[in-house]
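To start, the structure itself, in C-alpha cells.
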Amino acid sequence: MAAVTEPVPQTPDQINDDILRVLEPPTPLYVLGVLFCATLVGVGLVAFLYQTYWGMGPTGLTHPVMWGVYITTFVFWVGIAHAGTLISAILFLFRAKWRNAVNRGAESMTVFAVLIAAMFPLIHIGRVYKFYFMVPYPNQRGLWPNFKSPLVWDLFAINTYMITSIMFFFVGLIPDLAAARDRVRDWRRHLYRVLALGWRGSSEQWRHWSRTVLHLSGLSTPLVLSVHSVVSWDFATSLVPGWHTTIFAPYFVAGAIFSGVAMVITVLVPVRKAFGLEAYLRKEHFDNMGKLILLTSSIVGYSYGMEYFMAWYSANPYEQMSFWFRGFGYHWTSTWIMISCNVLSPLPLWFKWCRTNIAWMWVTSIFINIGMWFERYVIIMTGLSHEYDPAAWGYYVPSVVELTILVASFALFLTMFLIFLRLAPVIALQEVKELWYADRSHAKGHH
Amino acid sequence: MAQVLGILKTPDDTVSAIESLKTAGFTELEVYSPVPHHGIEDALDRGPSIIRLFTLIGCLIGVSFGYFLQIWIAYDWPLVIGGKPFASIPAYTIIGFELNILLGGLFTVLSLMFFGMWKTRKGHDAYQPGFSGDLFGCVVSCHGDQVARAQDLLKRSGCTEVRVVES
C-alpha cells in the first residue's frame, strides 16, 4: 500500500477550523469569478427575454427537429443532479464511509443542477407563462393533463426530486450550520442562527435527525433511479427510431450517475486546491470516484454497443438507417465525440495511478462532461432528424440564442456553487468528525 | 430541580458517564454532542424515533392521493379510447410512486421540525458552543440533595469540568 503523504486532521477542532476557514472573507479572485459567471448569466437572461419576445423563431428548432439544445441540456442537468443523491443516499445505505468527504459538495450540486434542469422545459416551451398547463388543478377550461403522458410524469418526477433533494441537503446541513453559528462572528451569525433552527446537538435532536436522514436516504434511493428512468421514457415511449427501446431506463440512469460523479470531480478539484482541503478530499476519494466512473462508463459503453447490435439484429430498416446515420451521417462528429469521451477517455482509470492522479482525474472528468452532453444531443438530434419518411428528414443547427442560454446555464451553476462555498461548509463537518471519532474509538478497541 | 453539567472529551467517556449515572439512579439525563453516536443513543435507551411513523403516514397518504387524483380525473373527463377502462392503473403507478416519495419525505422533515426542533427548543441553559465543536456535555437534572453525588459521578467518569448550571 502506498505511503500516506497527505496531511491528516489531528483533532475535531482542527476539522472545524479547516473546513470553516472556507467561509472566511473572499479573495479578489473569487469575487472576480462570481462577477464573471453572473455576467454570463445576465447575457443568458437577455437571450431568454429576446426569445420570449420573438417566439421560438430565433432558435434552430424547426420541423422535424423540435427538441434541440434545450431538451439536451435539460437531460444533461438532470443527469448531473444524480451524483449527490447517489453519494448521499445510496452510498449512505451501503455504509461507504469515503462518501463523507464529498457528499456535501455533491448534494449542493444536485440541488443547483436540478433547479437549472427544471428551467429548461420552461425555456423550451417558448410561452413560458403557460407552463402551468401541465399542473393538475381545477380550471375554467374543465381540462386536466394527460396522466398517461411521460411529459406529465416528468413534471412530477423532477419536482419531487427537486423538493426531496433540497430537504435532504438542508437536513444534512443543520448541524454544520449550528457549528458555523457558534464560531462565525460577523453578520452571517444571524443567518446561521435562523437556519440552524435552534439546533443544540442534544441526544433527542440527534435521535430524530439520524432517523430522518436514514428515511430520506431510503426514500431518495428509489427516487433517484426513477427520475432518470422517467426522463428516459420521454424518449422510449415514442415511436422514433433510435428511441423506442427498453434499454433506455438503465442506460440513462447509469449515464446520469456517470456524468454526475464526473461533475463532482470537475468542481471539487479546484475547490480542494484553492482552499487547501487536501486532508479531507483525499486521493482515496478520487480513487473511489474513479471506480464509480469505470463501472458506469462500462454500462454506458455496453448500452452504446447494444443499441447498435439491436438495430442490426432487429432487421428493422428504420432502426438500421437511424443508427447508420448516427455514426456516419452529417452529424457523425457528435457521435464520435460521445464515444471517445464516454467510453475511451475513462479507460486509463483501470490503472490506480490514473485514479489517484488528481490532474488526470480532473481532465478525464471534463471529457466525460463534454461526452455526456453530446450523448443526449446525439440521441435527440439524430433521432428526430431522420425518422421514417425520407421526405420528412431534416437538419438542425443550434442557434446563437440556444448556445448562449446553454453557456449561461453552466455559468449559473458555477455562480450558485461559488456563493454556496462562502455560505455553508462545503465538506460535511459533522460527518467527517463522526468518522474521526469512529476511527479513534475502533483504534482503542471500542465498538 | 438543579442541573449539573459535565464536560467530556470523547464519546466513549460520555457513554461511561451516562452508564454510571443511570446505575446510580439518575434518570433525567441530556447529552450534547458534536456528532451522532450509537453508543450514546444505546446508553440513553430512548427507543426508536417516532419519526418513522410519520414517514409511513406520509407515504401512504402520498400514494393514495396519487392514484385517487388520477383515477378521479379520468372519470371526471371520460375519454373512450379503444373501449378500454377510463382509468389506466399501470400508467398511474409513476405518479403514485412519486407522490408517495414526496409526501413521505415532507412528513419526515416536518416531523423532524416538530419533534426535533420545536419540542426540544427550551431547557438548553447548559449548552455551550464547544458542543458543536469537539466537546461532549452530559447534563443531569436532579434535586438539590443529589447534586454532590451527581458531580462526584461525573468527575469520576472523566469529565474535564463539572459545574452546576443556573437556569
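Ordering of the C-alpha cells sets the chain letters (A, B, ...); residue numbers start at 1 within each chain; ligands are numbered from 1 in the order shown.
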
Exercise. Which residues come within 7 Å of range 292-304 of chain A, counting only C-alpha atoms, excluding same-chain residues fewer than 2 positions away, as a list in words?
Worked result: Tyr251, Ala254, Gly255, Ile257, Phe258, Val261, Asn288, Met289, Gly290, Met306, Glu307, Tyr308, Asn342, Val343, Pro346 and Leu349 of chain A

For this session: Quick one: everything within 6 Å of range 20-34 of chain B, counting only C-alpha atoms, minus sequence neighbours fewer than 6 positions away in the same chain. Send it as a VMD selection string.
Result: (chain A and resid 201 to 203) or (chain B and resid 131 to 133 136 to 141)

Could you save the residues just selected, with C-alpha atoms, as a JSON list (two decimals), in the first residue's frame?
```
[["chain", "number", "residue", "atom", "x", "y", "z"],
["A", 201, "GLY", "CA", -26.88, 18.69, 19.22],
["A", 202, "SER", "CA", -28.86, 17.22, 22.11],
["A", 203, "SER", "CA", -29.33, 13.47, 22.19],
["B", 131, "PHE", "CA", -20.62, 21.17, 21.95],
["B", 132, "SER", "CA", -20.80, 21.82, 18.21],
["B", 133, "GLY", "CA", -17.00, 21.57, 18.03],
["B", 136, "PHE", "CA", -19.49, 16.45, 24.82],
["B", 137, "GLY", "CA", -21.85, 17.62, 27.53],
["B", 138, "CYS", "CA", -23.69, 15.40, 29.97],
["B", 139, "VAL", "CA", -26.44, 17.18, 31.90],
["B", 140, "VAL", "CA", -28.16, 15.64, 34.93],
["B", 141, "SER", "CA", -31.36, 17.15, 36.27]]
```

For this session: Write out as a ChimeraX atom specification which residues come within 6 Å of range 103-112 of chain B when counting only C-alpha atoms, dropping same-chain ones fewer than 5 positions away.
Result: /B:54-55,58-59,62

Okay, now the selection with N, CA and C atoms, as a PDB file, in the first residue's frame?
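Result file selection-v1.pdb:
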```
ATOM      1  N   PHE B  54     -44.383   8.779  11.085  1.00  0.00           N
ATOM      2  CA  PHE B  54     -44.843   9.868  10.216  1.00  0.00           C
ATOM      3  C   PHE B  54     -44.385   9.656   8.769  1.00  0.00           C
ATOM      4  N   THR B  55     -43.225   9.042   8.607  1.00  0.00           N
ATOM      5  CA  THR B  55     -42.789   8.709   7.240  1.00  0.00           C
ATOM      6  C   THR B  55     -43.809   7.763   6.605  1.00  0.00           C
ATOM      7  N   GLY B  58     -47.015   9.582   5.773  1.00  0.00           N
ATOM      8  CA  GLY B  58     -46.805  10.429   4.588  1.00  0.00           C
ATOM      9  C   GLY B  58     -46.797   9.607   3.308  1.00  0.00           C
ATOM     10  N   CYS B  59     -46.102   8.480   3.342  1.00  0.00           N
ATOM     11  CA  CYS B  59     -46.029   7.632   2.149  1.00  0.00           C
ATOM     12  C   CYS B  59     -47.414   7.107   1.774  1.00  0.00           C
ATOM     13  N   GLY B  62     -49.480   9.867   0.363  1.00  0.00           N
ATOM     14  CA  GLY B  62     -48.963  10.232  -0.959  1.00  0.00           C
ATOM     15  C   GLY B  62     -49.412   9.275  -2.039  1.00  0.00           C
TER      16      GLY B  62
END
```

Problem set entry | A:Val363, A:Ala179, A:Ala311, A:Ala279 ranked by distance to chain B, top pick (using only C-alpha atoms) |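 Nearest to chain B: A:Ala179.
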
For this session: Excluding Ser88 in chain B and any residue of its chain fewer than 4 positions from it, enumerate the residues within 8 Å of it, using only C-alpha atoms, and give them as a ChimeraX atom specification.
Result: /A:148 /B:71,92

With N, CA and C atoms retained, could you export that selection as a tab-separated table (two decimals), in the first residue's frame?
```tsv
chain	number	residue	atom	x	y	z
A	148	LYS	N	-51.27	9.84	-18.66
A	148	LYS	CA	-50.57	8.74	-19.31
A	148	LYS	C	-49.38	9.25	-20.12
B	71	ILE	N	-57.26	8.71	-10.97
B	71	ILE	CA	-58.47	7.93	-11.28
B	71	ILE	C	-59.69	8.86	-11.30
B	92	TYR	N	-50.61	4.94	-14.06
B	92	TYR	CA	-50.75	5.86	-12.92
B	92	TYR	C	-49.77	5.52	-11.79
```

Problem set entry | Neighbour list for range 74-77 of chain A as JSON, numbers by chain, cut-off 12 Å, only C-alpha atoms, skip fewer than 5 positions in-chain | {"A": [67, 68, 69, 82, 83, 109, 110, 111, 112, 113, 114, 115, 116, 117, 118, 119, 120, 121, 122, 123, 124, 154, 158, 227, 228, 229, 230, 231, 232, 233, 234, 235, 252, 253, 255, 256, 257, 258, 259, 260, 263, 368, 369, 370, 371, 372, 373, 374, 375, 376, 377, 379, 380, 405, 406, 409, 410, 412, 413]}

For this session: as a VMD selection string, please: all residues of range 95-144 of chain B that backbone DSSP puts in helix (DSSP H, G or I).
Result: chain B and resid 95 to 118 129 to 132 144

Written selection (C-alpha atoms) as a tab-separated table (two decimals), in the first residue's frame:
```tsv
chain	number	residue	atom	x	y	z
B	95	ILE	CA	-47.19	9.50	-10.31
B	96	GLY	CA	-48.48	7.36	-7.43
B	97	PHE	CA	-44.88	6.44	-6.69
B	98	GLU	CA	-43.57	9.99	-7.00
B	99	LEU	CA	-46.21	11.37	-4.63
B	100	ASN	CA	-45.51	8.51	-2.24
B	101	ILE	CA	-41.88	9.67	-2.04
B	102	LEU	CA	-42.76	13.36	-1.97
B	103	LEU	CA	-45.29	13.16	0.85
B	104	GLY	CA	-43.16	10.60	2.72
B	105	GLY	CA	-40.20	12.98	2.60
B	106	LEU	CA	-42.26	16.04	3.53
B	107	PHE	CA	-43.85	14.30	6.50
B	108	THR	CA	-40.44	13.05	7.64
B	109	VAL	CA	-38.89	16.51	7.57
B	110	LEU	CA	-41.92	18.21	9.12
B	111	SER	CA	-41.94	15.67	11.95
B	112	LEU	CA	-38.21	16.36	12.49
B	113	MET	CA	-39.05	20.06	12.73
B	114	PHE	CA	-41.75	19.33	15.28
B	115	PHE	CA	-40.16	16.63	17.44
B	116	GLY	CA	-36.51	17.53	16.93
B	117	MET	CA	-36.70	21.32	16.91
B	118	TRP	CA	-39.98	22.67	18.27
B	129	PRO	CA	-20.67	26.49	21.72
B	130	GLY	CA	-17.95	23.87	22.26
B	131	PHE	CA	-20.62	21.17	21.95
B	132	SER	CA	-20.80	21.82	18.21
B	144	GLY	CA	-30.61	19.73	45.44
```

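Residue neighbourhood of Ala2 in chain B, excluding near-sequence residues (fewer than 4 positions): Val140, Ser141, Cys142, His143, Gly144, Gln146, Val147, Val164, Val165, Glu166 and Ser167 of chain B, at 9 Å, using only C-alpha atoms.
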
Could you dump the residues just selected with C-alpha atoms as a short mmCIF file (atom, residue, chain, number, x, y, z; two decimals), in the first residue's frame?
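Contents of the output file selection-v3.cif:
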```
data_model
loop_
_atom_site.label_atom_id
_atom_site.label_comp_id
_atom_site.auth_asym_id
_atom_site.auth_seq_id
_atom_site.Cartn_x
_atom_site.Cartn_y
_atom_site.Cartn_z
CA VAL B 140 -28.16 15.64 34.93
CA SER B 141 -31.36 17.15 36.27
CA CYS B 142 -31.70 16.31 39.95
CA HIS B 143 -32.90 17.58 43.33
CA GLY B 144 -30.61 19.73 45.44
CA GLN B 146 -28.39 14.80 44.83
CA VAL B 147 -26.15 17.45 43.24
CA VAL B 164 -24.00 23.38 38.44
CA VAL B 165 -25.97 25.30 35.83
CA GLU B 166 -28.18 28.20 36.84
CA SER B 167 -31.49 28.07 34.98
#
```

Surrounding residues of Val35 in chain B excluding itself and chain neighbours under 2 positions, 12 Å, only C-alpha atoms, as a short mmCIF file (atom, residue, chain, number, x, y, z; two decimals) with N, CA and C atoms, in the first residue's frame:
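Writing the result to result_18.cif gives the following:
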```cif
data_model
loop_
_atom_site.label_atom_id
_atom_site.label_comp_id
_atom_site.auth_asym_id
_atom_site.auth_seq_id
_atom_site.Cartn_x
_atom_site.Cartn_y
_atom_site.Cartn_z
N PRO A 12 -10.85 17.16 16.34
CA PRO A 12 -12.11 17.63 15.77
C PRO A 12 -12.15 19.15 15.65
N GLY A 172 -29.18 17.67 6.24
CA GLY A 172 -27.78 17.33 6.48
C GLY A 172 -26.96 18.53 6.92
N ILE A 174 -28.02 21.12 8.79
CA ILE A 174 -28.41 21.76 10.05
C ILE A 174 -27.31 21.70 11.13
N PRO A 175 -26.72 20.52 11.43
CA PRO A 175 -25.68 20.51 12.48
C PRO A 175 -24.47 21.38 12.12
N ASP A 176 -24.14 21.43 10.82
CA ASP A 176 -23.00 22.24 10.41
C ASP A 176 -23.31 23.73 10.48
N ALA A 178 -25.20 24.97 12.70
CA ALA A 178 -25.09 25.28 14.13
C ALA A 178 -23.62 25.47 14.51
N ALA A 179 -22.75 24.63 13.93
CA ALA A 179 -21.31 24.78 14.21
C ALA A 179 -20.81 26.13 13.70
N ARG A 200 -29.01 22.22 18.90
CA ARG A 200 -28.07 22.21 20.01
C ARG A 200 -27.24 20.92 20.06
N GLY A 201 -27.59 19.97 19.19
CA GLY A 201 -26.88 18.69 19.22
C GLY A 201 -27.24 17.87 20.45
N SER A 202 -28.45 18.04 20.95
CA SER A 202 -28.86 17.22 22.11
C SER A 202 -29.16 15.80 21.63
N SER A 203 -29.12 14.87 22.56
CA SER A 203 -29.33 13.47 22.19
C SER A 203 -30.70 13.27 21.55
N GLN A 205 -32.32 15.49 19.78
CA GLN A 205 -32.27 16.00 18.40
C GLN A 205 -31.53 15.04 17.48
N TRP A 206 -30.41 14.51 17.95
CA TRP A 206 -29.66 13.56 17.12
C TRP A 206 -30.49 12.32 16.84
N ARG A 207 -31.28 11.88 17.82
CA ARG A 207 -32.09 10.67 17.65
C ARG A 207 -33.07 10.86 16.48
N TRP A 209 -32.91 13.28 14.19
CA TRP A 209 -32.17 13.67 12.99
C TRP A 209 -31.62 12.44 12.26
N SER A 210 -31.03 11.52 13.02
CA SER A 210 -30.46 10.32 12.40
C SER A 210 -31.54 9.52 11.71
N ALA A 428 -18.98 18.07 4.77
CA ALA A 428 -19.88 17.83 5.89
C ALA A 428 -19.07 17.66 7.18
N LEU A 429 -18.99 18.77 7.93
CA LEU A 429 -18.22 18.81 9.17
C LEU A 429 -18.55 17.67 10.11
N GLN A 430 -19.83 17.57 10.38
CA GLN A 430 -20.29 16.61 11.37
C GLN A 430 -19.94 15.18 10.95
N GLU A 431 -20.06 14.91 9.64
CA GLU A 431 -19.79 13.53 9.19
C GLU A 431 -18.30 13.22 9.24
N VAL A 432 -17.47 14.22 8.91
CA VAL A 432 -16.02 13.99 8.97
C VAL A 432 -15.60 13.78 10.42
N LYS A 433 -16.21 14.55 11.33
CA LYS A 433 -15.88 14.38 12.76
C LYS A 433 -16.37 13.02 13.27
N GLU A 434 -17.53 12.62 12.79
CA GLU A 434 -18.08 11.32 13.20
C GLU A 434 -17.12 10.20 12.81
N LEU A 435 -16.58 10.32 11.61
CA LEU A 435 -15.62 9.33 11.13
C LEU A 435 -14.34 9.38 11.96
N TRP A 436 -13.93 10.58 12.31
CA TRP A 436 -12.71 10.76 13.11
C TRP A 436 -12.89 10.07 14.46
N TYR A 437 -14.02 10.31 15.10
CA TYR A 437 -14.27 9.67 16.41
C TYR A 437 -14.37 8.15 16.27
N ALA A 438 -15.03 7.71 15.19
CA ALA A 438 -15.19 6.26 14.99
C ALA A 438 -13.83 5.60 14.81
N THR B 10 -14.48 12.78 24.89
CA THR B 10 -14.69 11.71 23.89
C THR B 10 -16.07 11.07 24.06
N PRO B 11 -16.58 10.48 22.99
CA PRO B 11 -17.87 9.80 23.10
C PRO B 11 -17.82 8.59 24.04
N VAL B 31 -27.74 14.78 26.81
CA VAL B 31 -26.36 14.76 26.33
C VAL B 31 -26.25 15.65 25.10
N TYR B 32 -25.23 16.48 25.07
CA TYR B 32 -24.93 17.30 23.88
C TYR B 32 -23.68 16.74 23.23
N SER B 33 -23.73 16.60 21.92
CA SER B 33 -22.53 16.05 21.25
C SER B 33 -22.39 16.69 19.87
N HIS B 37 -24.00 9.49 17.89
CA HIS B 37 -23.17 8.37 18.33
C HIS B 37 -24.07 7.24 18.81
N HIS B 38 -23.90 6.07 18.21
CA HIS B 38 -24.77 4.95 18.56
C HIS B 38 -24.61 4.55 20.03
N GLY B 39 -23.37 4.62 20.51
CA GLY B 39 -23.12 4.24 21.90
C GLY B 39 -23.91 5.11 22.87
N ILE B 40 -23.92 6.41 22.60
CA ILE B 40 -24.65 7.35 23.46
C ILE B 40 -26.15 7.05 23.38
N GLU B 41 -26.61 6.83 22.13
CA GLU B 41 -28.04 6.55 21.92
C GLU B 41 -28.45 5.27 22.66
N PHE B 131 -19.90 22.42 22.23
CA PHE B 131 -20.62 21.17 21.95
C PHE B 131 -20.87 20.96 20.46
N SER B 132 -20.72 22.03 19.67
CA SER B 132 -20.80 21.82 18.21
C SER B 132 -19.40 21.67 17.63
N GLY B 133 -18.38 21.70 18.49
CA GLY B 133 -17.00 21.57 18.03
C GLY B 133 -16.41 20.23 18.40
N ASP B 134 -15.80 20.17 19.60
CA ASP B 134 -15.14 18.91 19.97
C ASP B 134 -15.44 18.49 21.40
N LEU B 135 -16.49 19.05 21.99
CA LEU B 135 -16.80 18.71 23.39
C LEU B 135 -18.13 17.97 23.49
N PHE B 136 -18.24 17.17 24.54
CA PHE B 136 -19.49 16.45 24.82
C PHE B 136 -20.00 16.94 26.18
N GLY B 137 -21.28 17.16 26.27
CA GLY B 137 -21.85 17.62 27.53
C GLY B 137 -22.86 16.63 28.06
#
```

Problem set entry | Proximity to Thr160 in chain B - best of B:Asp45, B:Glu19, B:Asp125, B:Asp13, only C-alpha atoms |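 Closest to Thr160 in chain B of all the choices is B:Asp13.
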
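Nearest to Leu173 in chain A of all the residues A:Phe94, A:Phe156, A:Trp243, A:Phe420 is A:Phe420, counting only C-alpha atoms.
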
For this session: Just give me the gap between CA of Ala315 in chain A and CA of Thr333 in chain A in Å, one decimal is fine.
Result: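 We find that CA of Ala315 in chain A and CA of Thr333 in chain A lie 25.7 Å from each other.
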
For this session: Please identify which residues in range 20-108 of chain B DSSP calls strand (DSSP E) from the backbone, and express them as number ranges by chain.
Result: B: 29-32

Exercise. For chain A, which of B:Val15, B:Tyr127, B:Phe65, B:Arg156 is the closest residue, counting only C-alpha atoms?
Worked result: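 Checking each of B:Val15, B:Tyr127, B:Phe65, B:Arg156 against chain A, counting only C-alpha atoms, the winner is B:Tyr127.
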
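CA of Arg422 in chain A is positioned 15.9 Å from CA of Ala106 in chain A.
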
Exercise. In terms of the shortest atom-to-atom distance over only C-alpha atoms, which of B:Ile51, B:Leu69, B:Val63, B:Val162 is closest to Arg149 in chain B?
Worked result: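 Once distances to Arg149 in chain B are computed over only C-alpha atoms, the minimum belongs to B:Val162.
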